[in-house]
file work-v5.tsv (TSV, C-alpha atoms and all ligand atoms)
chain	number	residue	atom	x	y	z
A	208	GLY	CA	125.24	114.86	96.33
A	209	ARG	CA	126.99	113.41	93.34
A	210	ALA	CA	130.49	114.08	94.64
A	211	ALA	CA	129.78	112.09	97.80
A	212	ALA	CA	128.31	109.24	95.80
A	213	LEU	CA	131.36	109.21	93.55
A	214	ARG	CA	133.71	109.24	96.55
A	215	ALA	CA	131.77	106.34	98.13
A	216	ARG	CA	132.05	104.37	94.91
A	217	MET	CA	135.79	105.04	94.66
A	218	GLU	CA	136.32	103.96	98.26
A	219	GLU	CA	134.34	100.80	97.63
A	220	ARG	CA	136.54	100.01	94.63
A	221	LEU	CA	139.70	100.63	96.60
A	222	LEU	CA	138.52	98.31	99.39
A	223	GLY	CA	137.65	95.69	96.81
A	224	ALA	CA	141.09	95.96	95.25
A	225	ARG	CA	142.85	95.70	98.63
A	226	PHE	CA	140.73	92.69	99.56
A	227	ARG	CA	141.58	90.90	96.32
A	228	TYR	CA	145.27	91.66	96.82
A	229	LEU	CA	145.28	90.36	100.43
A	230	ASN	CA	143.27	87.32	99.39
A	231	GLN	CA	145.80	86.54	96.68
A	232	GLN	CA	148.66	86.85	99.17
A	233	LEU	CA	146.94	84.39	101.51
A	234	TYR	CA	146.49	81.81	98.77
A	235	THR	CA	149.96	82.14	97.27
A	236	GLY	CA	152.11	82.17	100.40
A	237	SER	CA	152.62	79.80	103.30
A	238	SER	CA	150.58	79.95	106.50
A	239	ARG	CA	153.61	81.53	108.15
A	240	ASP	CA	153.61	84.33	105.58
A	241	ALA	CA	149.92	84.89	106.37
A	242	ALA	CA	150.68	85.04	110.09
A	243	ARG	CA	153.42	87.59	109.50
A	244	LEU	CA	151.23	89.66	107.17
A	245	PHE	CA	148.43	90.03	109.71
A	246	ARG	CA	150.73	90.41	112.71
A	247	ASP	CA	152.41	93.35	111.01
A	248	ASP	CA	149.13	94.86	109.81
A	249	PRO	CA	146.04	93.95	111.85
A	250	ALA	CA	144.02	96.51	109.89
A	251	ALA	CA	144.62	94.40	106.80
A	252	PHE	CA	143.00	91.47	108.60
A	253	HIS	CA	139.83	93.40	109.33
A	254	LEU	CA	139.70	94.60	105.76
A	255	TYR	CA	140.18	91.05	104.54
A	256	HIS	CA	137.28	89.89	106.68
A	257	ARG	CA	134.95	92.57	105.45
A	258	GLY	CA	135.74	91.51	101.90
A	259	PHE	CA	135.29	87.83	102.78
A	260	GLU	CA	131.88	88.52	104.32
A	261	ARG	CA	130.78	90.38	101.21
A	262	GLN	CA	131.82	87.45	99.02
A	263	VAL	CA	130.09	84.69	100.97
A	264	ARG	CA	126.92	86.74	101.38
A	265	ARG	CA	126.42	86.37	97.63
A	266	TRP	CA	126.29	82.59	97.98
A	267	PRO	CA	122.96	80.81	98.50
A	268	GLU	CA	124.33	79.09	101.62
A	269	ARG	CA	127.31	79.63	103.90
A	270	PRO	CA	129.47	76.52	104.04
A	271	VAL	CA	129.83	76.85	107.82
A	272	GLN	CA	126.10	76.12	108.08
A	273	ARG	CA	126.75	72.67	106.62
A	274	ILE	CA	129.36	72.05	109.30
A	275	VAL	CA	126.89	73.23	111.95
A	276	ARG	CA	124.25	70.82	110.65
A	277	TYR	CA	126.76	67.97	110.59
A	278	LEU	CA	127.77	68.56	114.21
A	279	ARG	CA	124.17	68.87	115.42
A	280	ARG	CA	123.48	65.37	114.07
A	281	ARG	CA	126.32	63.96	116.17
A	282	PRO	CA	126.91	63.85	119.93
A	283	ALA	CA	127.54	67.23	121.51
A	284	SER	CA	130.26	65.59	123.60
A	285	LEU	CA	132.60	65.57	120.57
A	286	VAL	CA	135.46	68.04	120.97
A	287	VAL	CA	136.08	70.18	117.89
A	288	ALA	CA	139.03	72.20	116.54
A	289	ASP	CA	138.08	74.95	114.06
A	290	PHE	CA	141.15	75.87	111.99
A	291	GLY	CA	140.73	79.40	110.57
A	292	CYS	CA	137.55	80.02	112.56
A	293	GLY	CA	136.97	83.61	111.39
A	294	ASP	CA	134.18	85.12	113.49
A	295	CYS	CA	133.53	81.82	115.38
A	296	THR	CA	130.12	81.23	113.84
A	297	LEU	CA	130.70	77.51	114.28
A	298	ALA	CA	131.49	77.69	118.02
A	299	ALA	CA	128.53	80.00	118.56
A	300	SER	CA	126.13	77.64	116.79
A	301	VAL	CA	126.79	74.26	118.46
A	302	LYS	CA	126.88	72.87	121.98
A	303	ASN	CA	130.23	71.14	121.47
A	304	GLN	CA	133.45	72.37	122.99
A	305	VAL	CA	135.14	74.13	120.04
A	306	HIS	CA	138.79	75.23	120.01
A	307	CYS	CA	138.88	78.26	117.72
A	308	PHE	CA	142.11	79.13	115.90
A	309	ASP	CA	142.81	82.14	113.74
A	310	LEU	CA	145.49	84.74	113.11
A	311	VAL	CA	143.72	87.69	114.71
A	312	PRO	CA	140.87	87.53	117.24
A	313	LEU	CA	137.58	88.58	115.64
A	314	SER	CA	135.98	87.14	118.79
A	315	PRO	CA	137.24	86.60	122.35
A	316	ARG	CA	136.89	82.85	121.78
A	317	VAL	CA	139.80	82.84	119.32
A	318	THR	CA	143.19	81.43	120.20
A	319	VAL	CA	145.62	83.38	118.04
A	320	CYS	CA	148.08	81.13	116.22
A	321	ASP	CA	149.20	79.88	112.86
A	322	MET	CA	147.06	76.86	112.00
A	323	ALA	CA	150.22	74.93	111.10
A	324	LYS	CA	151.07	74.87	114.82
A	325	VAL	CA	148.13	74.94	117.22
A	326	PRO	CA	148.48	74.76	121.01
A	327	LEU	CA	146.73	71.40	121.47
A	328	ALA	CA	148.11	68.10	122.68
A	329	ALA	CA	148.27	65.17	120.29
A	330	GLU	CA	144.97	63.30	119.83
A	331	ALA	CA	143.02	65.92	121.76
A	332	VAL	CA	139.99	66.36	119.49
A	333	ASP	CA	137.27	64.28	117.81
A	334	VAL	CA	136.58	66.61	114.89
A	335	ALA	CA	138.88	68.98	112.97
A	336	VAL	CA	137.29	71.58	110.70
A	337	PHE	CA	138.70	73.65	107.82
A	338	CYS	CA	135.85	75.75	106.50
A	339	LEU	CA	137.15	77.84	103.58
A	340	ALA	CA	140.41	77.94	105.51
A	341	LEU	CA	142.90	75.77	103.56
A	342	MET	CA	144.62	78.87	102.29
A	343	GLY	CA	148.37	78.47	102.75
A	344	THR	CA	150.62	76.74	100.23
A	345	ASN	CA	151.96	74.44	102.98
A	346	LEU	CA	148.82	72.28	102.90
A	347	GLN	CA	150.69	69.13	103.87
A	348	GLU	CA	152.03	70.72	107.03
A	349	ILE	CA	148.64	72.19	107.94
A	350	LEU	CA	146.77	68.92	107.42
A	351	GLY	CA	149.58	67.12	109.24
A	352	GLU	CA	148.83	69.33	112.23
A	353	ALA	CA	145.14	68.41	112.02
A	354	ASN	CA	146.18	64.74	111.94
A	355	ARG	CA	148.34	65.23	115.03
A	356	VAL	CA	145.57	66.74	117.16
A	357	LEU	CA	142.87	64.29	115.97
A	358	LYS	CA	142.12	61.09	117.80
A	359	LEU	CA	142.40	57.89	115.82
A	360	GLY	CA	139.04	57.40	114.11
A	361	GLY	CA	138.30	61.10	114.46
A	362	THR	CA	136.69	63.19	111.74
A	363	LEU	CA	138.21	65.78	109.45
A	364	LEU	CA	135.76	68.10	107.67
A	365	VAL	CA	136.91	70.24	104.77
A	366	ALA	CA	134.63	72.77	103.08
A	367	GLU	CA	136.29	74.41	100.11
A	368	VAL	CA	135.42	76.42	97.05
A	369	ALA	CA	134.57	73.91	94.28
A	370	SER	CA	136.71	75.58	91.64
A	371	ARG	CA	139.83	75.13	93.78
A	372	PHE	CA	139.89	71.38	93.13
A	373	GLU	CA	141.82	70.71	89.95
A	374	ASP	CA	142.01	66.93	90.41
A	375	THR	CA	139.73	65.73	93.20
A	376	ARG	CA	140.82	62.10	92.89
A	377	ALA	CA	144.50	62.99	93.16
A	378	PHE	CA	143.63	65.16	96.15
A	379	LEU	CA	141.81	62.30	97.88
A	380	ARG	CA	144.70	59.95	97.11
A	381	ALA	CA	147.12	62.40	98.71
A	382	MET	CA	144.84	62.61	101.74
A	383	THR	CA	145.21	58.85	102.18
A	384	GLN	CA	148.93	59.37	102.49
A	385	LEU	CA	148.29	61.98	105.14
A	386	GLY	CA	146.37	59.41	107.17
A	387	PHE	CA	142.83	60.38	106.13
A	388	LYS	CA	140.29	58.08	104.52
A	389	SER	CA	137.51	59.73	102.55
A	390	VAL	CA	134.12	58.74	103.96
A	391	SER	CA	131.74	61.14	102.20
A	392	LYS	CA	131.78	63.90	99.63
A	393	ASP	CA	129.03	66.45	99.25
A	394	LEU	CA	129.50	67.97	95.81
A	395	SER	CA	125.90	69.17	95.57
A	396	SER	CA	126.62	72.88	95.83
A	397	SER	CA	128.15	74.48	92.76
A	398	TYR	CA	129.96	76.90	95.07
A	399	PHE	CA	131.71	74.61	97.51
A	400	TYR	CA	132.45	70.98	98.31
A	401	VAL	CA	132.21	69.43	101.75
A	402	LEU	CA	134.55	66.49	102.26
A	403	GLU	CA	134.46	64.21	105.29
A	404	PHE	CA	137.46	62.07	106.27
A	405	THR	CA	138.36	59.68	109.06
A	406	LYS	CA	141.80	59.63	110.60
A	407	THR	CA	143.22	56.16	109.97
A	408	GLY	CA	146.67	56.75	111.42
A	409	PRO	CA	149.53	59.24	111.50
A	410	ALA	CA	150.53	61.08	108.34
A	411	ARG	CA	153.11	59.17	106.32
A	412	PRO	CA	156.20	61.25	105.57
A	413	GLY	CA	157.26	62.05	102.02
A	414	PRO	CA	155.78	64.20	99.28
A	415	ALA	CA	152.05	64.08	98.53
A	416	PRO	CA	152.02	65.50	95.01
A	417	GLY	CA	148.24	65.41	94.47
A	418	LEU	CA	147.69	67.67	97.46
A	419	ARG	CA	147.10	70.81	95.45
A	420	LEU	CA	144.31	73.34	95.43
A	421	ARG	CA	144.04	76.27	93.06
A	422	PRO	CA	144.10	79.67	94.72
A	423	CYS	CA	140.64	81.16	95.03
A	424	LEU	CA	140.99	84.47	93.29
A	425	TYR	CA	137.98	86.75	93.13
A	426	LYS	CA	137.12	88.75	90.07
A	427	ARG	CA	136.72	92.46	90.09
A	428	ARG	CA	133.05	93.38	90.03
B	501	LIG	N1	135.88	79.36	108.83
B	501	LIG	C1	135.29	80.69	108.76
B	501	LIG	C2	136.27	81.72	108.16
B	501	LIG	C3	136.80	81.40	106.79
B	501	LIG	S1	137.84	82.69	106.13
B	501	LIG	C4	133.99	80.67	107.99
B	501	LIG	O1	133.71	79.69	107.31
B	501	LIG	O2	133.25	81.64	108.07
B	501	LIG	C5	139.43	81.91	106.36
B	501	LIG	C6	140.00	82.16	107.73
B	501	LIG	O3	141.24	81.48	107.84
B	501	LIG	C7	140.28	83.63	107.98
B	501	LIG	O4	139.68	84.02	109.18
B	501	LIG	C8	141.79	83.68	108.06
B	501	LIG	O5	142.26	84.67	108.95
B	501	LIG	C9	142.11	82.29	108.56
B	501	LIG	N2	143.49	81.90	108.31
B	501	LIG	C10	144.17	82.01	107.13
B	501	LIG	N3	145.43	81.58	107.27
B	501	LIG	C11	145.56	81.18	108.57
B	501	LIG	C12	146.64	80.65	109.34
B	501	LIG	N4	147.84	80.47	108.79
B	501	LIG	N5	146.42	80.34	110.63
B	501	LIG	C13	145.20	80.56	111.20
B	501	LIG	N6	144.14	81.07	110.52
B	501	LIG	C14	144.32	81.38	109.23

call {"tool": "encode", "arguments": {"input": "work-v5.tsv", "output": "structure tokens"}}
result
Amino acid sequence: GRAAALRARMEERLLGARFRYLNQQLYTGSSRDAARLFRDDPAAFHLYHRGFERQVRRWPERPVQRIVRYLRRRPASLVVADFGCGDCTLAASVKNQVHCFDLVPLSPRVTVCDMAKVPLAAEAVDVAVFCLALMGTNLQEILGEANRVLKLGGTLLVAEVASRFEDTRAFLRAMTQLGFKSVSKDLSSSYFYVLEFTKTGPARPGPAPGLRLRPCLYKRR
């Protein structure tokens, strides 16, 4: 009856509020803080993922599908690392060998770790992917890790929410300093950008001030 409907609506609201709070924590702390948060409270992780799913379902296209299409156009022999793989949609959709990294295993394919320190040897992969996963404030360290595991000439793919880019040119300039040359930008979706880079060499040390993304905070609905 009406009481049950009201309770369901209240629960929905509460879940929404907890999701937005967790999401904010992920975007305003370091990747280590995120690892600690989910290690201490795995239930929070599952709640976060339910909220994430609900958000991206509203979009006309899931960014991971762009990554899937990109990989299908290239040789299946390319070895891939998926940083912040979520439910491993990418690995499940391509023939490539995909190393899946996330904080909690939503799938048995996942290697649990902080993306700032993945258990791969240097220059082990051809393609590194961050699909809606550049969340921590230590972006330079995270992208430095991607640089480390990528072969020279390898590809870095970044799909991120469009509104997170406050100064795309400054961001791309900072990426150069991290050893990544921009080779293509797909800005066609109003929801997200897909940026493709090539690794030109190791990351140069020193600050990369343009390497900033706004947190992606969701509105209450
Ligand atoms: N790439 C997937 C999931 C995106 S959601 C997709 O496109 O569907 C972002 C993912 O990054 C979440 O699964 C979250 O747990 C993960 N993540 C956030 N911080 C992380 C960290 N420090 N190390 C590893 N994974 C992290």

call {"tool": "residues_near_ligand", "arguments": {"input": "work-v5.tsv", "ligand": "ligand LIG 501 (chain B)", "cutoff": "8 Å", "atoms": "only C-alpha atoms and all ligand atoms", "output": "PyMOL selection string"}}
result
chain A and resi 233+237-242+252+256+259-260+269-271+289-297+308-311+319-323+337-343

call {"tool": "residues_around", "arguments": {"input": "work-v5.tsv", "residues": "A:Leu350", "least_positions_apart": "4", "cutoff": "9 Å", "atoms": "only C-alpha atoms", "output": "list of chain:residue names"}}
result
A:Ala323, A:Leu341, A:Asn345, A:Leu346, A:Asn354, A:Arg355, A:Met382, A:Leu385, A:Ala410

call {"tool": "residues_around", "arguments": {"input": "work-v5.tsv", "residues": "A:Tyr277", "least_positions_apart": "5", "cutoff": "12 Å", "atoms": "only C-alpha atoms", "output": "list in words"}}
result
Pro270, Val271, Gln272, Pro282, Ala283, Leu285, Leu297, Ser300, Val301, Asn303, Val334, Val336, Thr362, Leu363, Leu364, Val365, Ala366, Ser391, Asp393, Val401, Leu402 and Glu403 of chain A

call {"tool": "write_last_selection", "arguments": {"input": "work-v5.tsv", "atoms": "C-alpha atoms", "output": "PDB file, in the coordinates of the input"}}
result
ATOM      1  CA  PRO A 270     129.470  76.520 104.040  1.00  0.00           C
ATOM      2  CA  VAL A 271     129.830  76.850 107.820  1.00  0.00           C
ATOM      3  CA  GLN A 272     126.100  76.120 108.080  1.00  0.00           C
ATOM      4  CA  PRO A 282     126.910  63.850 119.930  1.00  0.00           C
ATOM      5  CA  ALA A 283     127.540  67.230 121.510  1.00  0.00           C
ATOM      6  CA  LEU A 285     132.600  65.570 120.570  1.00  0.00           C
ATOM      7  CA  LEU A 297     130.700  77.510 114.280  1.00  0.00           C
ATOM      8  CA  SER A 300     126.130  77.640 116.790  1.00  0.00           C
ATOM      9  CA  VAL A 301     126.790  74.260 118.460  1.00  0.00           C
ATOM     10  CA  ASN A 303     130.230  71.140 121.470  1.00  0.00           C
ATOM     11  CA  VAL A 334     136.580  66.610 114.890  1.00  0.00           C
ATOM     12  CA  VAL A 336     137.290  71.580 110.700  1.00  0.00           C
ATOM     13  CA  THR A 362     136.690  63.190 111.740  1.00  0.00           C
ATOM     14  CA  LEU A 363     138.210  65.780 109.450  1.00  0.00           C
ATOM     15  CA  LEU A 364     135.760  68.100 107.670  1.00  0.00           C
ATOM     16  CA  VAL A 365     136.910  70.240 104.770  1.00  0.00           C
ATOM     17  CA  ALA A 366     134.630  72.770 103.080  1.00  0.00           C
ATOM     18  CA  SER A 391     131.740  61.140 102.200  1.00  0.00           C
ATOM     19  CA  ASP A 393     129.030  66.450  99.250  1.00  0.00           C
ATOM     20  CA  VAL A 401     132.210  69.430 101.750  1.00  0.00           C
ATOM     21  CA  LEU A 402     134.550  66.490 102.260  1.00  0.00           C
ATOM     22  CA  GLU A 403     134.460  64.210 105.290  1.00  0.00           C
TER      23      GLU A 403
END

call {"tool": "residues_around", "arguments": {"input": "work-v5.tsv", "residues": "stretch 386-390 of chain A", "least_positions_apart": "6", "cutoff": "7 Å", "atoms": "all atoms listed in the file", "output": "ChimeraX atom specification"}}
result
/A:379,403-411

call {"tool": "closest_residue", "arguments": {"input": "work-v5.tsv", "among": "A:Arg276, A:Asp247, A:Tyr255, A:Phe378", "to": "A:Gln232", "atoms": "all atoms listed in the file"}}
result
A:Tyr255

call {"tool": "atom_distance", "arguments": {"input": "work-v5.tsv", "atom1": "atom CA of A:Leu394", "atom2": "atom CA of A:Gln231"}}
result
24.7 Å

call {"tool": "residues_around", "arguments": {"input": "work-v5.tsv", "residues": "stretch 225-228 of chain A", "least_positions_apart": "6", "cutoff": "7 Å", "atoms": "all atoms listed in the file", "output": "number ranges by chain"}}
result
A: 254-255, 258, 425

call {"tool": "closest_residue", "arguments": {"input": "work-v5.tsv", "among": "A:Ser397, A:Ala298, A:Leu313, A:Ala353", "to": "A:Arg279", "atoms": "all atoms listed in the file"}}
result
A:Ala298

call {"tool": "atom_distance", "arguments": {"input": "work-v5.tsv", "atom1": "atom CA of A:Tyr234", "atom2": "atom CA of A:Ala369"}}
result
15.0 Å

call {"tool": "atom_distance", "arguments": {"input": "work-v5.tsv", "atom1": "atom CA of A:Ala381", "atom2": "atom CA of A:Ala331"}}
result
23.7 Å

call {"tool": "axis_aligned_box", "arguments": {"input": "work-v5.tsv", "around": "stretch 406-416 of chain A", "padding_each_side": "5 Å", "output": "AutoDock Vina command-line options"}}
result
--center_x 149.5 --center_y 60.8 --center_z 103.3 --size_x 25.5 --size_y 19.3 --size_z 26.5
